[in-house]
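**Q** Below you'll find the structure I mean.
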Amino acid sequence: MIDVRNGTVMVNIPLGLNRAHGSSSSTKPNAAGFLRVKDVCRQFDSIFATRNVSIDIAEGEFLVMLGPSGSGKTTLLRIIAGFETATSGAIEIRGRDVSRDPPNKRNIGVVFQNLALFPHLTVFKNVAFGLEMRSVPNDEIRVRVREALEMVRLGGMTERLPSQLSGGQQQRVALARALVTRPDILLLDEPLSALDRDLRSEMQYEIRRIQQQLGITAVMVTHDQDEAMTMGDRIAILCDGQLSQIGAAEDIYSHPNSAFVARFMGAANIFPVESTKMQNGETSARLASGFETTAIVSPATAEGSLAVLIRPEDIAIGDAAADMRNRAQARVVDQTYLGAFTRLVVDIDGGPNLAVLLPSRSRPARLGEMRLEDRIAVGWNSDAVLVVPA
Amino acid sequence: MMTKVRYLAIPTAFMAVFFLGPLLSLLTISFTEGYPLGFMPSINSYLHVIFDSYYLEYLLTTIAYGLIVTVLCLLIGYPFAYYMARYARASYNVMLVALVSPLLIGVVVRTVGWTILFGSSGLFNQTLLALGIINTPLQILYTPLASTIGMVQVLLPFMVLSIISVLSNMDASVEEAACSLGAGRLTVFLRVTLPLSIRGVASGCVLVFALTIGAYLTPVLLGGGKSRLMSPLIYQEINSLVDWSLGAALSVVLLIVGVTTMAIVPRLVMRIWRT
């Protein structure tokens with residue numbers, strides 16, 4: 001794994017795609033800060049599209065920028081690419097400040113949301129375009145284009161026009177075109193949003209495989225949290241132009257630093273907290289409804305309004321609830337079969353409605369026999385409840 | 001099926017009576033001699049038009065005039081169309097009105113405007129005289145320059161609208177893709193933007209060229225009587241010299257030039273840019 005990232009496991013990779021280091025830049029590549037986003041702001045009139053975002057991306061890392069629409073993730077990607085200029089702050093690639101460089105001087109590869117293949121050029125010419133721009137000799141262009149197309153498993157379609165390819169094939173051409181020039185950074189702007197679900201997960205795997213094989217540093221934008229978790233080494237969550245949290249998927253999922261992040265990374269029961277108190281070494285959170293539960297306070301929590309987060313999969317029902325630190329009686333108000341899981345909504349006596357996610361085949365719960373309005377016991381432990389800034 | 005075709009009945013009848021009819025009679029007259037006094041079948045008019053250097057000069061001048069106006073419209077129109085298609089947001093409608101406004105004003109009114117601006121005692125000359133740049137007024141009105149400027153102004157909208165219709169359907173991220181692959185601005189334009197908008201350029205050029213070589217009023221009013229263009233010549237042959245046969249033959253030749261351009265140029269351009 002580490003070897004791949006350092007770019008030393010290159011034997012398995014098509015020859016032409018080995019990344020030639022050193023010649024283009026005299027600066028030594030910095031493993032920790034291969035791509036540096038330094039305090040970047042982008043203002044449109046008085047509105048900040050991006051506000052004081054700093055991210056360090058290591059060589060060979062796959063960073064996914066995740067956020068709802070309008071969170072500034074695409075703007076940030078476009079600033080890294082050079083299509084837009086930061087109002088303040090800087091972009092550094094391999095230790096060199098490229099903030100004032102146009103995109104054609106940054107040695108990047110971009111896969112666009114709508115792919116942006118050249119409709120008037122054949123697959124071969126599309127992929128060869130970047131090599132022609134770099135004045136690569138024709139013989140070498142032929143070899144490298146063929147290798148790039150083989151890498152994306154699209155040999156033998158060189159003379160077709162993009163319009164004669166399926167959506168997945170076009171995706172592969174776009175990827176080959178972006179990678180054939182051996183860019184320092186691969187940028188992907190919601191590249192899979194146009195594909196249907198099967199093809200989408202296939203391409204997620206493909207992009208990840210190729211990225212790891214080449215050891216290329218990649219930044220991808222998406223609004224799909226599953227996609228972010230599938231593909232990213234780290235995920236950066238953006239909200240209103242600011243970086244909310246950055247880390248590995250598991251870190252963010254288990255330790256969200258705000259209610260926004262928790263809501264965005266998977267379903268969660270989130271309720272505003274009225275007050276917290278310490279009792280016998282335990283924190284207890286009191287909800288607006290007066291309902292109380294023991295909880296763990298997130299390190300990110302400071303002054304200000306708070307919320308509790310209870311993941312639906314951490315809640316037990318029936319007999320299994322008996323051993324839990326927090327217990328309550330509840331009424332089933334909704335039941336949805338989702339295949340592997342079944343989602344219940346229960347109304348806790350004197351408390352809020354809770355979503356509960358259970359494996360559909362869990363026998364003790366006897367989900368199949370459960371009816372709406374049935375009364376059941378629910379329970380959860382302290383470590384299932386996290387107090388975070390609202 | 002029959003019901004659908006019925007919609008075309010009235011337009012077809014209209015075109016047959018008022019366009020095809022006159023065209024056929026024009027063609028017939030061009031193959032006579034001395035019409036309307038006589039009605040002798042003859043190809044003498046065509047022999048005159050083709051082999052008499054006097055008429056050939058008119059034809060070549062007209063084609064050259066058409067090419068110059070077309071090229072100027074393209075050079076002025078393309079950047080304008082590009083700006084409108086890519087960057088104009090709120091200003092789009094204002095620019096559109098400014099663009100087509102010359103068409104909404106009659107040719108006579110427009111010419112009066114040009115006269116006020118470019119006449120010997122017009123604003124342009126008076127300014128230059130007052131600044132001491134020239135001693136005697138420049139003769140601009142009633143020269144080929146004036147008629148060229150006038151035609152470019154009138155026909156610019158046709159060029160711009162043709163190009164806009166293609167550019168606004170073109171995805172701007174294709175240009176960004178080219179740029180990210182290492183292409184500079186000029187390369188992006190030559191390799192991506194222009195090839196992808198060449199349909200609009202071709203149709204704009206054909207439209208402007210055909211309208212220019214057939215134009216009568218603007219060249220006559222602005223260019224004066226000395227311009228050697230086909231339309232004024234045809235008018236003169238028919239109305240002053242009363243040689244309808246020759247006038248008709250000249251018209252047919254002009255028509256052939258126009259139609260041939262329309263048929264050939266777009267195909268040629270496509271073929272060249274496809275490679």
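Scheme for the structure tokens: letters A, B, ... for chains in order shown; per-chain residue numbers from 1; ligand numbers from 1 in order shown.
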Between chain A and chain B, at 7 Å or less, what are the per-residue closest atom pairs and their distances in Å? Count only C-alpha atoms, order by chain and rising residue number, and return it as a tab-separated table.

**A**
residue	atom	partner	partner_atom	distance
A:Pro103	CA	B:Ser180	CA	5.1
A:Asn104	CA	B:Gly182	CA	3.9
A:Lys105	CA	B:Gly182	CA	6.5
A:Ile108	CA	B:Ser180	CA	6.3
A:Gly109	CA	B:Ser180	CA	6.4
A:Val110	CA	B:Ser180	CA	6.6
A:Ala116	CA	B:Val174	CA	4.6
A:Leu117	CA	B:Val174	CA	6.4
A:Phe118	CA	B:Val174	CA	6.4
A:His120	CA	B:Arg274	CA	7.0
A:Gly130	CA	B:Leu181	CA	4.6
A:Met133	CA	B:Gly182	CA	5.7

**Q** For those residues, write N, CA and C atoms to a file as a PDB file, in the first residue's frame.

**A**
ATOM      1  N   PRO A 103      -4.742  27.023 -16.133  1.00  0.00           N
ATOM      2  CA  PRO A 103      -4.856  25.556 -16.034  1.00  0.00           C
ATOM      3  C   PRO A 103      -3.859  24.825 -16.928  1.00  0.00           C
ATOM      4  N   ASN A 104      -3.556  25.383 -18.105  1.00  0.00           N
ATOM      5  CA  ASN A 104      -2.668  24.671 -19.027  1.00  0.00           C
ATOM      6  C   ASN A 104      -1.217  24.658 -18.565  1.00  0.00           C
ATOM      7  N   LYS A 105      -0.893  25.382 -17.477  1.00  0.00           N
ATOM      8  CA  LYS A 105       0.476  25.357 -16.958  1.00  0.00           C
ATOM      9  C   LYS A 105       0.572  24.574 -15.653  1.00  0.00           C
ATOM     10  N   ILE A 108      -2.284  19.209 -14.764  1.00  0.00           N
ATOM     11  CA  ILE A 108      -3.372  18.524 -14.076  1.00  0.00           C
ATOM     12  C   ILE A 108      -4.157  17.696 -15.088  1.00  0.00           C
ATOM     13  N   GLY A 109      -4.914  16.755 -14.589  1.00  0.00           N
ATOM     14  CA  GLY A 109      -5.872  16.041 -15.427  1.00  0.00           C
ATOM     15  C   GLY A 109      -7.240  16.239 -14.800  1.00  0.00           C
ATOM     16  N   VAL A 110      -8.217  16.594 -15.616  1.00  0.00           N
ATOM     17  CA  VAL A 110      -9.543  16.869 -15.063  1.00  0.00           C
ATOM     18  C   VAL A 110     -10.581  15.971 -15.733  1.00  0.00           C
ATOM     19  N   ALA A 116     -17.224  16.332 -20.936  1.00  0.00           N
ATOM     20  CA  ALA A 116     -16.602  17.320 -21.823  1.00  0.00           C
ATOM     21  C   ALA A 116     -15.630  16.680 -22.805  1.00  0.00           C
ATOM     22  N   LEU A 117     -15.997  15.546 -23.353  1.00  0.00           N
ATOM     23  CA  LEU A 117     -15.188  14.978 -24.434  1.00  0.00           C
ATOM     24  C   LEU A 117     -15.330  15.880 -25.658  1.00  0.00           C
ATOM     25  N   PHE A 118     -14.308  15.869 -26.518  1.00  0.00           N
ATOM     26  CA  PHE A 118     -14.400  16.665 -27.735  1.00  0.00           C
ATOM     27  C   PHE A 118     -15.305  15.915 -28.713  1.00  0.00           C
ATOM     28  N   HIS A 120     -16.123  16.372 -31.702  1.00  0.00           N
ATOM     29  CA  HIS A 120     -15.733  16.320 -33.114  1.00  0.00           C
ATOM     30  C   HIS A 120     -14.500  15.462 -33.341  1.00  0.00           C
ATOM     31  N   GLY A 130      -3.913  15.927 -25.237  1.00  0.00           N
ATOM     32  CA  GLY A 130      -2.979  16.458 -24.249  1.00  0.00           C
ATOM     33  C   GLY A 130      -1.527  16.161 -24.611  1.00  0.00           C
ATOM     34  N   MET A 133      -0.446  18.553 -27.270  1.00  0.00           N
ATOM     35  CA  MET A 133      -0.163  19.858 -26.674  1.00  0.00           C
ATOM     36  C   MET A 133       1.237  19.890 -26.068  1.00  0.00           C
TER      37      MET A 133
END

**Q** Looking only at strand (DSSP E) from DSSP on the backbone, list the matching residues of region 135-344 of chain A as a ChimeraX atom specification.

**A** /A:185-189,217-222,234-239,242-247,269-279,282-287,292-297,306-310,316-317,326-337,341-344

**Q** List the neighbours of Val107 (chain B) out to 9 Å using only C-alpha atoms; skip same-chain residues closer than 5 positions along the sequence, and give me the result as an MDAnalysis selection string.

**A** chainID B and resid 102 112 217:218 221

**Q** Do a neighbour search on Asn138 (chain A) at 12 Å with only C-alpha atoms, toss out local chain neighbours closer than 6 positions, and write the hits as a list in words.

**A**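 Final neighbour list, sorted by chain and number: Lys125, Ala128, Phe129, Leu131, Glu132, Arg144 and Val145 of chain A.
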
**Q** Could you save the residues just selected, with C-alpha atoms, as a compact mmCIF listing (two decimals), in the first residue's frame?

**A**
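Written out: out-v8.txt:
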# COMPACT_ATOMS: atom_id res chain seq x y z
CA LYS A 125 -7.75 12.07 -30.93
CA ALA A 128 -4.04 12.14 -27.82
CA PHE A 129 -4.98 15.82 -27.41
CA LEU A 131 0.06 14.66 -25.67
CA GLU A 132 -0.08 16.75 -28.84
CA ARG A 144 0.73 5.94 -24.88
CA VAL A 145 -2.84 6.38 -26.12

**Q** Could you find all residues in region 181-369 of chain A that DSSP calls alpha helix (DSSP H) from the backbone, and write them as a VMD selection string?

**A** chain A and resid 197 to 214 225 to 231 249 to 254 259 to 264

**Q** Save the residues we just selected, N, CA and C atoms, as a tab-separated table (two decimals), in the first residue's frame?

**A**
chain	number	residue	atom	x	y	z
A	197	ARG	N	-27.06	3.33	-11.32
A	197	ARG	CA	-26.42	2.88	-10.09
A	197	ARG	C	-25.39	1.77	-10.28
A	198	ASP	N	-25.71	0.79	-11.10
A	198	ASP	CA	-24.77	-0.32	-11.30
A	198	ASP	C	-23.46	0.16	-11.89
A	199	LEU	N	-23.62	0.94	-12.96
A	199	LEU	CA	-22.45	1.44	-13.67
A	199	LEU	C	-21.63	2.35	-12.76
A	200	ARG	N	-22.34	3.07	-11.94
A	200	ARG	CA	-21.73	4.00	-11.03
A	200	ARG	C	-20.79	3.28	-10.06
A	201	SER	N	-21.28	2.18	-9.46
A	201	SER	CA	-20.41	1.51	-8.50
A	201	SER	C	-19.28	0.79	-9.22
A	202	GLU	N	-19.54	0.35	-10.44
A	202	GLU	CA	-18.46	-0.27	-11.21
A	202	GLU	C	-17.36	0.77	-11.48
A	203	MET	N	-17.76	1.97	-11.87
A	203	MET	CA	-16.78	3.00	-12.17
A	203	MET	C	-16.08	3.51	-10.91
A	204	GLN	N	-16.80	3.53	-9.79
A	204	GLN	CA	-16.15	3.90	-8.52
A	204	GLN	C	-14.97	2.98	-8.27
A	205	TYR	N	-15.22	1.69	-8.47
A	205	TYR	CA	-14.17	0.71	-8.25
A	205	TYR	C	-13.03	0.90	-9.26
A	206	GLU	N	-13.41	1.13	-10.52
A	206	GLU	CA	-12.41	1.30	-11.57
A	206	GLU	C	-11.51	2.50	-11.32
A	207	ILE	N	-12.12	3.62	-10.98
A	207	ILE	CA	-11.34	4.84	-10.76
A	207	ILE	C	-10.39	4.62	-9.59
A	208	ARG	N	-10.90	4.01	-8.54
A	208	ARG	CA	-10.08	3.74	-7.36
A	208	ARG	C	-8.92	2.80	-7.72
A	209	ARG	N	-9.23	1.76	-8.49
A	209	ARG	CA	-8.20	0.80	-8.88
A	209	ARG	C	-7.09	1.51	-9.67
A	210	ILE	N	-7.48	2.31	-10.65
A	210	ILE	CA	-6.49	2.98	-11.49
A	210	ILE	C	-5.70	4.00	-10.69
A	211	GLN	N	-6.39	4.72	-9.82
A	211	GLN	CA	-5.71	5.72	-8.99
A	211	GLN	C	-4.64	5.06	-8.13
A	212	GLN	N	-4.97	3.88	-7.55
A	212	GLN	CA	-4.01	3.19	-6.70
A	212	GLN	C	-2.88	2.61	-7.52
A	213	GLN	N	-3.24	2.09	-8.70
A	213	GLN	CA	-2.23	1.48	-9.56
A	213	GLN	C	-1.19	2.52	-9.97
A	214	LEU	N	-1.65	3.72	-10.30
A	214	LEU	CA	-0.73	4.76	-10.74
A	214	LEU	C	-0.11	5.50	-9.57
A	225	GLN	N	-22.54	10.53	-0.19
A	225	GLN	CA	-21.67	10.09	0.92
A	225	GLN	C	-21.20	8.66	0.76
A	226	ASP	N	-22.02	7.81	0.12
A	226	ASP	CA	-21.56	6.43	-0.11
A	226	ASP	C	-20.35	6.43	-1.04
A	227	GLU	N	-20.46	7.25	-2.09
A	227	GLU	CA	-19.37	7.35	-3.04
A	227	GLU	C	-18.11	7.86	-2.35
A	228	ALA	N	-18.28	8.86	-1.49
A	228	ALA	CA	-17.13	9.42	-0.77
A	228	ALA	C	-16.47	8.36	0.09
A	229	MET	N	-17.28	7.55	0.78
A	229	MET	CA	-16.71	6.54	1.67
A	229	MET	C	-16.07	5.41	0.88
A	230	THR	N	-16.66	5.06	-0.28
A	230	THR	CA	-16.10	4.00	-1.11
A	230	THR	C	-14.73	4.39	-1.65
A	231	MET	N	-14.59	5.65	-2.06
A	231	MET	CA	-13.44	6.01	-2.87
A	231	MET	C	-12.32	6.73	-2.12
A	249	ALA	N	-13.03	8.10	6.50
A	249	ALA	CA	-14.48	7.91	6.56
A	249	ALA	C	-14.93	7.45	7.94
A	250	GLU	N	-14.20	6.49	8.49
A	250	GLU	CA	-14.60	5.92	9.77
A	250	GLU	C	-14.55	6.95	10.89
A	251	ASP	N	-13.48	7.75	10.87
A	251	ASP	CA	-13.34	8.82	11.87
A	251	ASP	C	-14.53	9.76	11.83
A	252	ILE	N	-14.84	10.18	10.62
A	252	ILE	CA	-15.90	11.18	10.49
A	252	ILE	C	-17.24	10.58	10.87
A	253	TYR	N	-17.45	9.33	10.46
A	253	TYR	CA	-18.73	8.71	10.76
A	253	TYR	C	-18.89	8.50	12.26
A	254	SER	N	-17.83	8.04	12.92
A	254	SER	CA	-17.96	7.75	14.34
A	254	SER	C	-17.78	9.00	15.20
A	259	ALA	N	-23.46	18.59	14.21
A	259	ALA	CA	-24.70	17.94	13.81
A	259	ALA	C	-24.80	17.89	12.29
A	260	PHE	N	-24.27	18.93	11.62
A	260	PHE	CA	-24.32	18.96	10.16
A	260	PHE	C	-23.57	17.77	9.57
A	261	VAL	N	-22.35	17.55	10.06
A	261	VAL	CA	-21.54	16.45	9.55
A	261	VAL	C	-22.22	15.12	9.82
A	262	ALA	N	-22.78	14.98	11.01
A	262	ALA	CA	-23.45	13.73	11.38
A	262	ALA	C	-24.62	13.46	10.45
A	263	ARG	N	-25.39	14.50	10.18
A	263	ARG	CA	-26.56	14.34	9.32
A	263	ARG	C	-26.12	14.00	7.90
A	264	PHE	N	-25.02	14.64	7.47
A	264	PHE	CA	-24.59	14.44	6.09
A	264	PHE	C	-23.93	13.09	5.89

**Q** Do a neighbour search on Ala148 (chain A) at 12 Å with only C-alpha atoms, toss out local chain neighbours closer than 2 positions, and write the hits as JSON, numbers by chain.

**A** {"A": [13, 14, 15, 16, 17, 18, 123, 124, 126, 127, 128, 131, 141, 142, 143, 144, 145, 146, 150, 151, 152, 153, 154, 155, 156, 158, 172, 173, 174, 175, 176, 177, 178, 179, 180, 181, 182, 210, 214]}

**Q** Please, which residues in region 233-270 of chain B fall within 9 Å of region 197-207 of chain B when counting only C-alpha atoms, and what is the closest atom pair and distance in Å to one decimal for each, ordered by chain then residue number, as CSV?

**A**
residue,atom,partner,partner_atom,distance
B:Gly258,CA,B:Val206,CA,8.4
B:Thr261,CA,B:Val206,CA,6.6
B:Met262,CA,B:Val206,CA,5.7
B:Val265,CA,B:Ala202,CA,7.0
B:Pro266,CA,B:Ala202,CA,5.4
B:Arg267,CA,B:Ala202,CA,9.0
B:Val269,CA,B:Ala202,CA,7.0
B:Met270,CA,B:Arg199,CA,7.4

**Q** Could you turn the residues from that selection into a file that holds N, CA and C atoms, as an mmCIF file, in the first residue's frame?

**A**
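Dumped everything to out-v5.cif:
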data_model
loop_
_atom_site.group_PDB
_atom_site.id
_atom_site.type_symbol
_atom_site.label_atom_id
_atom_site.label_comp_id
_atom_site.auth_asym_id
_atom_site.auth_seq_id
_atom_site.Cartn_x
_atom_site.Cartn_y
_atom_site.Cartn_z
ATOM 1 N N GLY B 258 -25.073 32.594 -56.163
ATOM 2 C CA GLY B 258 -25.593 32.531 -54.795
ATOM 3 C C GLY B 258 -25.942 31.118 -54.376
ATOM 4 N N THR B 261 -22.891 28.842 -53.943
ATOM 5 C CA THR B 261 -22.206 29.104 -52.682
ATOM 6 C C THR B 261 -22.928 28.408 -51.538
ATOM 7 N N MET B 262 -24.254 28.573 -51.523
ATOM 8 C CA MET B 262 -25.030 27.962 -50.440
ATOM 9 C C MET B 262 -24.883 26.451 -50.422
ATOM 10 N N VAL B 265 -20.287 25.686 -50.090
ATOM 11 C CA VAL B 265 -19.443 26.153 -48.981
ATOM 12 C C VAL B 265 -19.648 25.365 -47.683
ATOM 13 N N PRO B 266 -20.896 25.180 -47.228
ATOM 14 C CA PRO B 266 -21.038 24.452 -45.958
ATOM 15 C C PRO B 266 -20.437 23.053 -46.011
ATOM 16 N N ARG B 267 -20.669 22.348 -47.124
ATOM 17 C CA ARG B 267 -20.110 20.999 -47.242
ATOM 18 C C ARG B 267 -18.595 21.007 -47.228
ATOM 19 N N VAL B 269 -16.591 23.277 -46.005
ATOM 20 C CA VAL B 269 -16.099 23.652 -44.682
ATOM 21 C C VAL B 269 -16.174 22.472 -43.723
ATOM 22 N N MET B 270 -17.295 21.759 -43.747
ATOM 23 C CA MET B 270 -17.440 20.589 -42.872
ATOM 24 C C MET B 270 -16.336 19.584 -43.148
#

**Q** Please, what distance in Å, to one decimal, runs between CA of Thr50 (chain A) and CA of Ser298 (chain A)?

**A**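 Separation of CA of Thr50 (chain A) and CA of Ser298 (chain A): 26.2 Å.
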
**Q** Restricting the calculation to only C-alpha atoms: of B:Leu250, B:Ile213, B:Leu99, B:Met84, which residue gets closest to Leu27 (chain B)?

**A**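 Looking at the shortest contact to Leu27 (chain B), the residue is B:Leu250.
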
**Q** Excluding Val53 (chain A) and residues on its chain fewer than 6 positions from it, collect all residues at most 8 Å away from it, counting only C-alpha atoms, and give them as a list in words.

**A**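 The filter keeps Val37, Lys38, Asp39, Val40, Cys41, Gly241, Gln242 and Leu243 of chain A.
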
**Q** Go ahead and write the selection's residues with N, CA and C atoms as a CSV table (one decimal), in the first residue's frame.

**A**
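Result went into again-v9.csv, see below:
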chain,number,residue,atom,x,y,z
A,37,VAL,N,-3.7,23.4,-0.3
A,37,VAL,CA,-4.7,24.5,-0.4
A,37,VAL,C,-4.5,25.3,0.8
A,38,LYS,N,-4.1,26.6,0.6
A,38,LYS,CA,-3.7,27.4,1.7
A,38,LYS,C,-4.6,28.6,1.9
A,39,ASP,N,-5.5,28.5,2.9
A,39,ASP,CA,-6.3,29.6,3.3
A,39,ASP,C,-7.1,30.2,2.2
A,40,VAL,N,-7.7,29.4,1.3
A,40,VAL,CA,-8.3,29.9,0.1
A,40,VAL,C,-9.7,30.5,0.3
A,41,CYS,N,-9.9,31.7,-0.2
A,41,CYS,CA,-11.2,32.3,-0.1
A,41,CYS,C,-11.6,32.7,-1.6
A,241,GLY,N,-19.2,26.9,2.2
A,241,GLY,CA,-17.9,27.3,1.7
A,241,GLY,C,-16.7,27.1,2.7
A,242,GLN,N,-17.1,26.5,3.9
A,242,GLN,CA,-16.0,26.3,4.9
A,242,GLN,C,-15.8,24.8,5.1
A,243,LEU,N,-14.6,24.4,5.5
A,243,LEU,CA,-14.2,23.1,5.8
A,243,LEU,C,-14.8,22.7,7.1

**Q** Report the distance between CA of Leu338 (chain A) and CA of Asn269 (chain A) in Å, rounded to one decimal place.

**A** 18.0 Å

**Q** Need the shell around Val100 (chain B): protein/DNA/RNA residues with any atom at most 12 Å away, counting only C-alpha atoms. Skip same-chain ones fewer than 3 positions apart. Format as a JSON list (two decimals) with C-alpha atoms, in the first residue's frame?

**A**
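Output file around35.json is given in full below:
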[["chain", "number", "residue", "atom", "x", "y", "z"],
["B", 93, "ASN", "CA", -31.36, 41.23, -24.36],
["B", 94, "VAL", "CA", -29.93, 44.73, -24.55],
["B", 95, "MET", "CA", -27.16, 43.47, -26.82],
["B", 96, "LEU", "CA", -29.67, 41.61, -28.94],
["B", 97, "VAL", "CA", -31.77, 44.73, -29.47],
["B", 103, "LEU", "CA", -32.82, 45.95, -39.39],
["B", 104, "LEU", "CA", -35.75, 47.67, -37.77],
["B", 105, "ILE", "CA", -34.89, 51.01, -39.37],
["B", 153, "GLN", "CA", -23.83, 47.04, -40.38],
["B", 154, "VAL", "CA", -27.02, 45.66, -41.89],
["B", 155, "LEU", "CA", -25.83, 42.08, -42.24],
["B", 156, "LEU", "CA", -23.93, 41.73, -38.97],
["B", 157, "PRO", "CA", -27.01, 40.40, -37.13],
["B", 158, "PHE", "CA", -27.32, 37.49, -39.57],
["B", 159, "MET", "CA", -23.74, 36.48, -38.89],
["B", 160, "VAL", "CA", -23.94, 36.95, -35.13],
["B", 161, "LEU", "CA", -27.23, 35.12, -34.71]]
